Structures are given as structure tokens and as C-alpha cells.
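Structure file protein.txt; described as compact mmCIF, C-alpha atoms and all ligand atoms.
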```txt
# COMPACT_ATOMS: atom_id res chain seq x y z
CA MET A 79 -13.66 -10.17 1.73
CA LYS A 80 -10.14 -8.73 1.93
CA ASN A 81 -8.25 -8.41 -1.36
CA HIS A 82 -5.80 -11.07 -0.19
CA ALA A 83 -8.56 -13.61 0.54
CA LEU A 84 -10.30 -12.77 -2.73
CA GLU A 85 -7.07 -13.24 -4.68
CA GLN A 86 -6.55 -16.61 -3.04
CA ALA A 87 -10.11 -17.71 -3.80
CA LEU A 88 -9.76 -16.64 -7.43
CA GLU A 89 -6.45 -18.41 -7.73
CA GLU A 90 -8.00 -21.62 -6.47
CA VAL A 91 -10.90 -21.37 -8.90
CA ARG A 92 -8.50 -20.78 -11.79
CA HIS A 93 -6.24 -23.67 -10.93
CA THR A 94 -9.10 -26.04 -10.24
CA LEU A 95 -10.83 -25.21 -13.52
CA ASP A 96 -7.58 -25.52 -15.44
CA TYR A 97 -6.88 -28.84 -13.72
CA TRP A 98 -10.34 -30.15 -14.65
CA ARG A 99 -9.74 -29.05 -18.24
CA ARG A 100 -6.44 -30.94 -18.36
CA GLN A 101 -8.13 -34.03 -16.93
CA GLU A 102 -10.83 -33.66 -19.61
CA ILE A 103 -13.51 -33.79 -16.94
CA THR A 104 -16.97 -33.25 -18.35
CA GLY A 105 -20.08 -31.76 -16.76
CA PHE A 106 -18.43 -28.38 -16.23
CA ASP A 107 -17.53 -25.78 -18.78
CA CYS A 108 -13.78 -26.34 -18.73
CA SER A 109 -13.20 -25.16 -22.29
CA ALA A 110 -10.16 -23.05 -23.04
CA GLU A 111 -12.56 -20.12 -23.50
CA ALA A 112 -14.12 -20.61 -20.04
CA VAL A 113 -10.70 -20.92 -18.43
CA LYS A 114 -9.62 -17.70 -20.15
CA THR A 115 -12.72 -15.92 -18.86
CA VAL A 116 -11.87 -16.95 -15.32
CA MET A 117 -8.20 -16.01 -15.83
CA ASP A 118 -9.33 -12.52 -16.76
CA TRP A 119 -11.77 -12.12 -13.83
CA PRO A 120 -9.63 -10.02 -11.55
CA ALA A 121 -8.66 -7.53 -14.25
CA GLY A 122 -9.41 -4.07 -12.96
CA THR A 123 -10.79 -5.28 -9.61
CA VAL A 124 -8.00 -7.20 -7.91
CA ARG A 125 -4.42 -6.17 -8.46
CA LYS A 126 -2.26 -9.01 -9.75
CA LYS A 127 0.65 -9.26 -7.33
CA GLU A 128 4.17 -9.67 -8.64
CA GLY A 129 5.00 -13.34 -8.94
CA SER A 130 1.45 -14.51 -8.29
CA GLY A 131 -1.68 -15.15 -10.24
CA PRO A 132 -2.67 -17.57 -12.94
CA ALA A 133 0.15 -19.80 -14.04
CA ALA A 134 -1.83 -21.68 -16.63
CA GLU A 135 0.38 -22.11 -19.65
CA GLU A 136 3.70 -20.58 -18.62
CA SER A 137 6.90 -22.62 -18.74
CA LEU A 138 9.43 -23.24 -16.00
CA GLU A 139 11.93 -21.22 -18.05
CA GLU A 140 9.58 -18.24 -18.03
CA ILE A 141 9.09 -18.54 -14.28
CA ARG A 142 12.87 -18.77 -13.77
CA ALA A 143 13.36 -15.70 -15.95
CA ASP A 144 10.75 -13.80 -13.94
CA LEU A 145 12.54 -14.74 -10.71
CA GLY A 146 15.71 -13.18 -12.15
CA ASP A 147 18.46 -12.22 -9.72
CA CYS A 148 15.88 -12.23 -6.95
CA ARG A 149 16.26 -9.75 -4.08
CA ARG A 150 12.68 -9.94 -2.83
CA CYS A 151 13.71 -11.02 0.67
CA ARG A 152 16.78 -10.85 2.89
CA LEU A 153 17.92 -14.39 2.02
CA HIS A 154 19.53 -13.08 -1.16
CA ARG A 155 22.26 -11.43 0.93
CA GLY A 156 23.83 -14.68 2.08
CA ARG A 157 23.27 -16.89 -0.92
CA SER A 158 25.81 -18.01 -3.51
CA ARG A 159 23.21 -19.28 -5.98
CA ILE A 160 19.47 -19.43 -6.38
CA VAL A 161 18.28 -23.03 -6.22
CA PHE A 162 15.27 -22.90 -8.52
CA GLY A 163 14.55 -26.63 -8.79
CA GLU A 164 15.33 -29.30 -11.34
CA GLY A 165 13.97 -32.37 -13.01
CA ASN A 166 11.31 -33.30 -15.48
CA PRO A 167 9.05 -30.35 -16.38
CA ARG A 168 6.28 -32.89 -17.05
CA ALA A 169 6.88 -34.95 -13.92
CA GLY A 170 4.00 -36.86 -12.38
CA LEU A 171 5.67 -36.50 -8.99
CA VAL A 172 7.20 -33.37 -7.45
CA PHE A 173 9.17 -33.34 -4.20
CA VAL A 174 9.11 -30.09 -2.23
CA GLY A 175 11.70 -29.59 0.49
CA GLU A 176 12.34 -26.67 2.82
CA GLY A 177 15.26 -24.71 1.45
CA PRO A 178 18.79 -25.13 0.11
CA GLY A 179 21.61 -26.17 2.42
CA TYR A 180 25.35 -25.57 2.03
CA GLU A 181 25.96 -27.89 -0.91
CA GLU A 182 22.79 -26.83 -2.72
CA ASP A 183 23.79 -23.17 -2.31
CA ARG A 184 27.24 -23.87 -3.78
CA SER A 185 25.96 -25.93 -6.71
CA GLY A 186 22.61 -24.25 -7.44
CA ARG A 187 20.94 -27.69 -7.40
CA PRO A 188 18.35 -29.00 -4.91
CA PHE A 189 19.02 -31.92 -2.58
CA VAL A 190 22.63 -32.71 -3.51
CA GLY A 191 24.01 -32.90 0.06
CA PRO A 192 23.64 -35.73 2.59
CA ALA A 193 19.83 -35.37 2.74
CA GLY A 194 19.78 -35.36 -1.05
CA ARG A 195 21.68 -38.61 -1.23
CA LEU A 196 19.04 -40.18 0.99
CA LEU A 197 16.30 -38.66 -1.17
CA ASP A 198 17.99 -40.26 -4.20
CA LYS A 199 17.68 -43.63 -2.45
CA ILE A 200 14.02 -43.00 -1.69
CA ILE A 201 13.42 -42.10 -5.34
CA ALA A 202 15.29 -45.22 -6.48
CA ALA A 203 13.19 -47.33 -4.08
CA MET A 204 10.18 -45.93 -5.92
CA LYS A 205 11.70 -47.28 -9.15
CA LEU A 206 12.18 -43.74 -10.40
CA ASP A 207 15.17 -41.47 -10.82
CA ARG A 208 15.83 -37.74 -10.75
CA SER A 209 15.21 -37.37 -14.47
CA ARG A 210 11.61 -38.54 -14.03
CA VAL A 211 10.61 -36.39 -11.05
CA TYR A 212 10.95 -32.71 -10.20
CA ILE A 213 12.65 -31.50 -7.01
CA CYS A 214 12.36 -28.04 -5.51
CA ASN A 215 11.99 -26.18 -2.23
CA ILE A 216 9.74 -23.76 -0.38
CA VAL A 217 12.48 -21.09 -0.47
CA LYS A 218 15.07 -20.83 -3.22
CA CYS A 219 17.93 -19.27 -1.26
CA ARG A 220 19.82 -20.80 1.63
CA PRO A 221 18.76 -19.50 5.05
CA PRO A 222 21.82 -18.54 7.15
CA ALA A 223 23.22 -21.43 9.20
CA ASN A 224 20.46 -23.64 7.79
CA ARG A 225 17.81 -22.08 10.02
CA ALA A 226 14.17 -22.58 9.06
CA PRO A 227 12.92 -19.93 6.62
CA ALA A 228 10.97 -17.09 8.26
CA GLN A 229 7.35 -16.47 7.28
CA ASP A 230 8.12 -13.30 5.30
CA GLU A 231 10.83 -15.17 3.38
CA ILE A 232 8.36 -17.96 2.61
CA ASP A 233 5.75 -15.41 1.55
CA ALA A 234 8.20 -13.78 -0.86
CA CYS A 235 9.13 -17.09 -2.50
CA LEU A 236 5.87 -19.04 -2.43
CA PRO A 237 4.24 -17.44 -5.51
CA PHE A 238 7.08 -18.82 -7.62
CA LEU A 239 6.75 -22.32 -6.20
CA LYS A 240 3.01 -22.19 -6.84
CA ARG A 241 3.67 -21.20 -10.43
CA GLN A 242 6.20 -24.03 -10.83
CA LEU A 243 3.68 -26.53 -9.49
CA ALA A 244 0.97 -25.18 -11.76
CA ALA A 245 3.30 -25.33 -14.78
CA ILE A 246 4.28 -28.94 -14.05
CA SER A 247 0.80 -29.94 -12.94
CA PRO A 248 1.96 -33.23 -11.38
CA GLU A 249 -0.32 -35.99 -10.21
CA VAL A 250 1.28 -36.02 -6.76
CA ILE A 251 3.25 -33.56 -4.66
CA CYS A 252 5.34 -35.10 -1.89
CA THR A 253 6.31 -32.55 0.73
CA LEU A 254 9.44 -33.27 2.76
CA GLY A 255 9.31 -32.08 6.36
CA SER A 256 7.02 -29.85 8.32
CA VAL A 257 7.82 -26.49 6.69
CA ALA A 258 6.80 -27.67 3.21
CA ALA A 259 3.66 -29.47 4.41
CA ARG A 260 2.50 -26.68 6.68
CA THR A 261 3.16 -24.02 4.06
CA LEU A 262 1.29 -25.66 1.21
CA LEU A 263 -1.54 -26.96 3.40
CA GLN A 264 -1.76 -23.70 5.35
CA THR A 265 -1.89 -25.45 8.70
CA ARG A 266 0.07 -25.48 11.94
CA SER A 267 -0.50 -29.22 12.45
CA PRO A 268 2.64 -31.21 13.16
CA ILE A 269 4.16 -33.33 10.41
CA SER A 270 3.59 -36.45 12.53
CA VAL A 271 -0.16 -35.78 12.23
CA LEU A 272 -0.15 -34.67 8.58
CA ARG A 273 2.00 -37.47 7.11
CA GLY A 274 0.72 -40.82 5.92
CA ARG A 275 -2.40 -39.73 4.05
CA PHE A 276 -3.20 -37.78 0.94
CA HIS A 277 -4.28 -34.15 1.22
CA GLN A 278 -5.24 -31.88 -1.66
CA TRP A 279 -3.42 -28.84 -2.98
CA MET A 280 -5.20 -27.00 -5.80
CA GLY A 281 -6.77 -30.25 -6.95
CA ILE A 282 -3.46 -32.14 -6.78
CA LYS A 283 -2.85 -35.01 -4.34
CA LEU A 284 -0.31 -34.03 -1.70
CA MET A 285 1.46 -36.54 0.52
CA PRO A 286 3.43 -35.10 3.44
CA THR A 287 6.30 -37.18 4.77
CA PHE A 288 9.34 -36.71 6.96
CA HIS A 289 12.35 -34.75 5.67
CA PRO A 290 15.36 -36.89 4.68
CA ALA A 291 17.56 -34.77 7.00
CA TYR A 292 15.28 -35.80 9.87
CA LEU A 293 15.64 -39.43 8.77
CA LEU A 294 19.42 -39.11 8.91
CA ARG A 295 19.06 -38.18 12.59
CA ASN A 296 16.19 -40.61 13.26
CA PRO A 297 16.69 -43.63 11.01
CA GLU A 298 14.00 -45.56 12.90
CA ARG A 299 11.42 -43.30 11.17
CA LYS A 300 12.38 -44.57 7.69
CA ARG A 301 9.73 -47.24 7.94
CA GLU A 302 7.00 -44.57 8.08
CA VAL A 303 8.42 -42.80 5.02
CA TRP A 304 8.41 -46.09 3.16
CA GLU A 305 4.71 -46.48 4.05
CA ASP A 306 4.02 -42.97 2.70
CA VAL A 307 6.03 -43.62 -0.43
CA LYS A 308 4.20 -46.89 -1.09
CA LYS A 309 0.91 -44.96 -1.09
CA ILE A 310 2.32 -42.61 -3.72
CA MET A 311 3.52 -45.59 -5.78
CA ALA A 312 0.10 -47.21 -5.58
CA PHE A 313 -1.56 -43.98 -6.72
CA LEU A 314 0.91 -43.61 -9.60
CA LYS A 315 0.41 -47.31 -10.42
CA ILE A 316 4.10 -48.16 -9.92
CA PRO A 317 4.22 -51.85 -8.95
CA LEU A 318 6.09 -52.66 -5.75
N1 LIG B 1 17.10 -29.67 2.46
C1 LIG B 1 16.07 -29.14 1.80
O1 LIG B 1 14.99 -28.95 2.34
N2 LIG B 1 16.26 -28.83 0.51
C2 LIG B 1 17.40 -29.02 -0.13
O2 LIG B 1 17.49 -28.71 -1.32
C3 LIG B 1 18.46 -29.60 0.60
C4 LIG B 1 18.29 -29.92 1.89
```
Can the structure from this file be put into C-alpha cells for me?
Amino acid sequence: MKNHALEQALEEVRHTLDYWRRQEITGFDCSAEAVKTVMDWPAGTVRKKEGSGPAAEESLEEIRADLGDCRRCRLHRGRSRIVFGEGNPRAGLVFVGEGPGYEEDRSGRPFVGPAGRLLDKIIAAMKLDRSRVYICNIVKCRPPANRAPAQDEIDACLPFLKRQLAAISPEVICTLGSVAARTLLQTRSPISVLRGRFHQWMGIKLMPTFHPAYLLRNPERKREVWEDVKKIMAFLKIPL
């Protein structure tokens, strides 16, 4: 197995075991000691890449500090601010978008432009608000002219998103748009095929749905998003 594939496999084992431990699942040795053993597996055999690896007990503040004044990809050249993500560090629901737009870049906050205002309405329709969920993106710096992030830009940023998700350990991840769904699910399938049913990411339920910016251009698709959102509400036991 290539180092990269081995690292990925180890990361999945670590996260799954840690998730089982948090869920207090029995029948496996999910003790803190066993998790630590698995965390230490790669030592000396597989190099821990910068920004990757076990995220077990680190905080969002630590991850933000590690990100620093990031210059790991070319997107840093055009950005005003890094948009790390915001919300409840213990959220049961995390929304993952694509990348900051103009207003997000100016403010340093995710989803505060027109698409963000629609996302706020979706969150309100779920009987939640921003303080109860966490909102972040696949890339943390605005791509020029709002183009889709390139694969190498995604690759540079993804380890930090993975660590954020592991630190929050939500019950559900809702990906917004095709870039977020395809990146986390490692598939090329179109969003129209992926949306509407739960997938799994590192033992966490993942619901892909359309991006609010797409809904602004195609309001007739809002009905499908509402169907997706209702499935998340049912799973989180939020009454309609
Ligand atoms: N679109 C996104 O994908 N993310 C944001 O933060 C804003 C718009």
C-alpha cells in the first residue's frame, strides 16, 4: 500500500474507534488506552503530514492556531481574511460549504452574503440558529472571482476541515453543493445523485444537499432541500 493510502486507512481507524468510544459502544476495546495505542500506530513508520493525522482531543482554537497566517496554497495571495468557520464547537450539526465569497472574505465569517442569508432561513426552518450549529467551508480563502477551488487548493485545506469535524464530532454533517459533497465523499457523482440520502463520513452521518447559491438561481429546487433538511431534523429528533 502507498504511504498515502496507508495514512488514510489509519486515519479512518482512529476516527472510527474514537467515535465508538464517544458513543460508549461496547463489544470493542474503545478504552482511552486502546485509542491512544491506535493514535500512536504510525509513529516511526508513516510520516505524520502537516495539518493531518489524529484530531482526537484538540480544540478548534488549537486548529485555528495551527492554521496561522496560512500560505499553503495560492489562494492566500488574493484573500483579505481567512474564513475559518464559526458556531457552536459542540454542534450536533455542521454545514460545510465550498469556499468564502466576497462578503465572507471581507468579514472573515462564513455564509454572510446572499447565499448565507438563505442558509440562515434554512437553519431557522430547522428550528435552529447559528449559535447552535457550526458553519465552515472546504477551503478557507476566497478563490479569485468566486471560481471553484482547484484540487490542489482543496488538498492543502482539507486536513484542517477534517480536524475541525473531528474536534466537533457532530451527529450530522450537511454538505452544501457538489464541491463539498464530492470532496468529503471522495466521489465524482453529481450532487443531484448524492443528495437526499444519508452517507457516512468517518462514522458520521453526512447529508448532501444543494448549495444555497444554486437555490438563489433555481428557487424551484428549494423543495428538494426541504426534503433533505427534514431527514436531518428527523435524525436529530427535531419535531417538524
Ligand atoms: N458560499 C460558500 O460556499 N461558502 C461561504 O461561506 C459563502 C458562500
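For the pair atom CA of A:Asp198 and atom C1 of ligand LIG 1 (chain B), the interatomic distance is 12.8 Å.
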| field | Neighbour list for A:Leu236 as a ChimeraX atom specification, cut-off 10 Å, only C-alpha atoms, skip fewer than 5 positions in-chain | value | /A:129-130,215-218,230-231,241-242,261-262
| task | Select, counting all atoms listed in the file, all protein, DNA and RNA residues no farther than 12 Å from (-1.1, -33.5, -0.3) in file coordinates, and express the selection as a PyMOL selection string. | result | chain A and resi 171-174+248-254+258-264+269+272-287+306+309-310
| request: For atom CA of A:Gly165 and atom CA of A:Cys151, quote the distance in Å rounded to one decimal. | output: 25.4 Å
The centre and edge lengths of an axis-aligned box containing all atoms of ligand LIG 1 (chain B) present in the file, extended by 8 Å on each side, are to be given in Å to one decimal, as AutoDock Vina command-line options.
```
--center_x 16.7 --center_y -29.3 --center_z 0.6 --size_x 19.5 --size_y 17.2 --size_z 19.8
```
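Proximity to ligand LIG 1 (chain B) was assessed for A:Ala245, A:Cys214, A:Ala169, A:Ala203 counting only C-alpha atoms and all ligand atoms; the smallest distance is recorded for A:Cys214.
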| field | All residues having an atom within 7 Å of ligand LIG 1 (chain B) (all atoms listed in the file) as a ChimeraX atom specification | value | /A:175-179,182,188-191,193-194,214-215,291
| Near-stretch 219-227 of chain A list (10 Å; all atoms listed in the file; drop same-chain fewer than 4 positions) as a PyMOL selection string | chain A and resi 148+151-162+176-184+186+215+231-233+235+257
| remark: From atom CA of A:Arg142 to atom CA of A:Gly163 the spacing works out at 9.5 Å
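Restricting the calculation to all atoms listed in the file, the smallest distance between A:Arg187 and any of A:Glu140, A:Asp147, A:Glu164, A:Asp207 is found for A:Glu164.
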Can you give me N, CA, C and O atoms for stretch 155-167 of chain A, written as a short mmCIF file (atom, residue, chain, number, x, y, z; two decimals), keeping the file's coordinate frame?
```cif
data_model
loop_
_atom_site.label_atom_id
_atom_site.label_comp_id
_atom_site.auth_asym_id
_atom_site.auth_seq_id
_atom_site.Cartn_x
_atom_site.Cartn_y
_atom_site.Cartn_z
N ARG A 155 20.98 -12.00 0.48
CA ARG A 155 22.26 -11.43 0.93
C ARG A 155 23.30 -12.50 1.20
O ARG A 155 24.48 -12.29 0.96
N GLY A 156 22.86 -13.64 1.71
CA GLY A 156 23.83 -14.68 2.08
C GLY A 156 23.98 -15.79 1.07
O GLY A 156 24.79 -16.69 1.26
N ARG A 157 23.24 -15.73 -0.01
CA ARG A 157 23.27 -16.89 -0.92
C ARG A 157 24.45 -16.79 -1.91
O ARG A 157 24.91 -15.69 -2.22
N SER A 158 24.87 -17.97 -2.38
CA SER A 158 25.81 -18.01 -3.51
C SER A 158 25.02 -18.13 -4.80
O SER A 158 25.27 -17.44 -5.77
N ARG A 159 24.02 -19.05 -4.78
CA ARG A 159 23.21 -19.28 -5.98
C ARG A 159 21.76 -19.48 -5.61
O ARG A 159 21.45 -20.04 -4.55
N ILE A 160 20.89 -19.09 -6.50
CA ILE A 160 19.47 -19.43 -6.38
C ILE A 160 19.31 -20.90 -6.74
O ILE A 160 19.89 -21.36 -7.73
N VAL A 161 18.55 -21.62 -5.92
CA VAL A 161 18.28 -23.03 -6.22
C VAL A 161 16.81 -23.11 -6.67
O VAL A 161 15.90 -23.21 -5.86
N PHE A 162 16.63 -23.03 -7.97
CA PHE A 162 15.27 -22.90 -8.52
C PHE A 162 14.52 -24.22 -8.42
O PHE A 162 13.32 -24.26 -8.09
N GLY A 163 15.21 -25.32 -8.70
CA GLY A 163 14.55 -26.63 -8.79
C GLY A 163 15.02 -27.29 -10.06
O GLY A 163 15.51 -26.61 -10.97
N GLU A 164 14.89 -28.61 -10.12
CA GLU A 164 15.33 -29.30 -11.34
C GLU A 164 14.58 -30.61 -11.50
O GLU A 164 14.01 -31.14 -10.54
N GLY A 165 14.61 -31.10 -12.72
CA GLY A 165 13.97 -32.37 -13.01
C GLY A 165 13.11 -32.28 -14.24
O GLY A 165 13.30 -31.40 -15.09
N ASN A 166 12.16 -33.18 -14.31
CA ASN A 166 11.31 -33.30 -15.48
C ASN A 166 10.18 -32.27 -15.43
O ASN A 166 9.38 -32.28 -14.50
N PRO A 167 10.10 -31.38 -16.41
CA PRO A 167 9.05 -30.35 -16.38
C PRO A 167 7.65 -30.94 -16.54
O PRO A 167 6.66 -30.24 -16.32
#
```
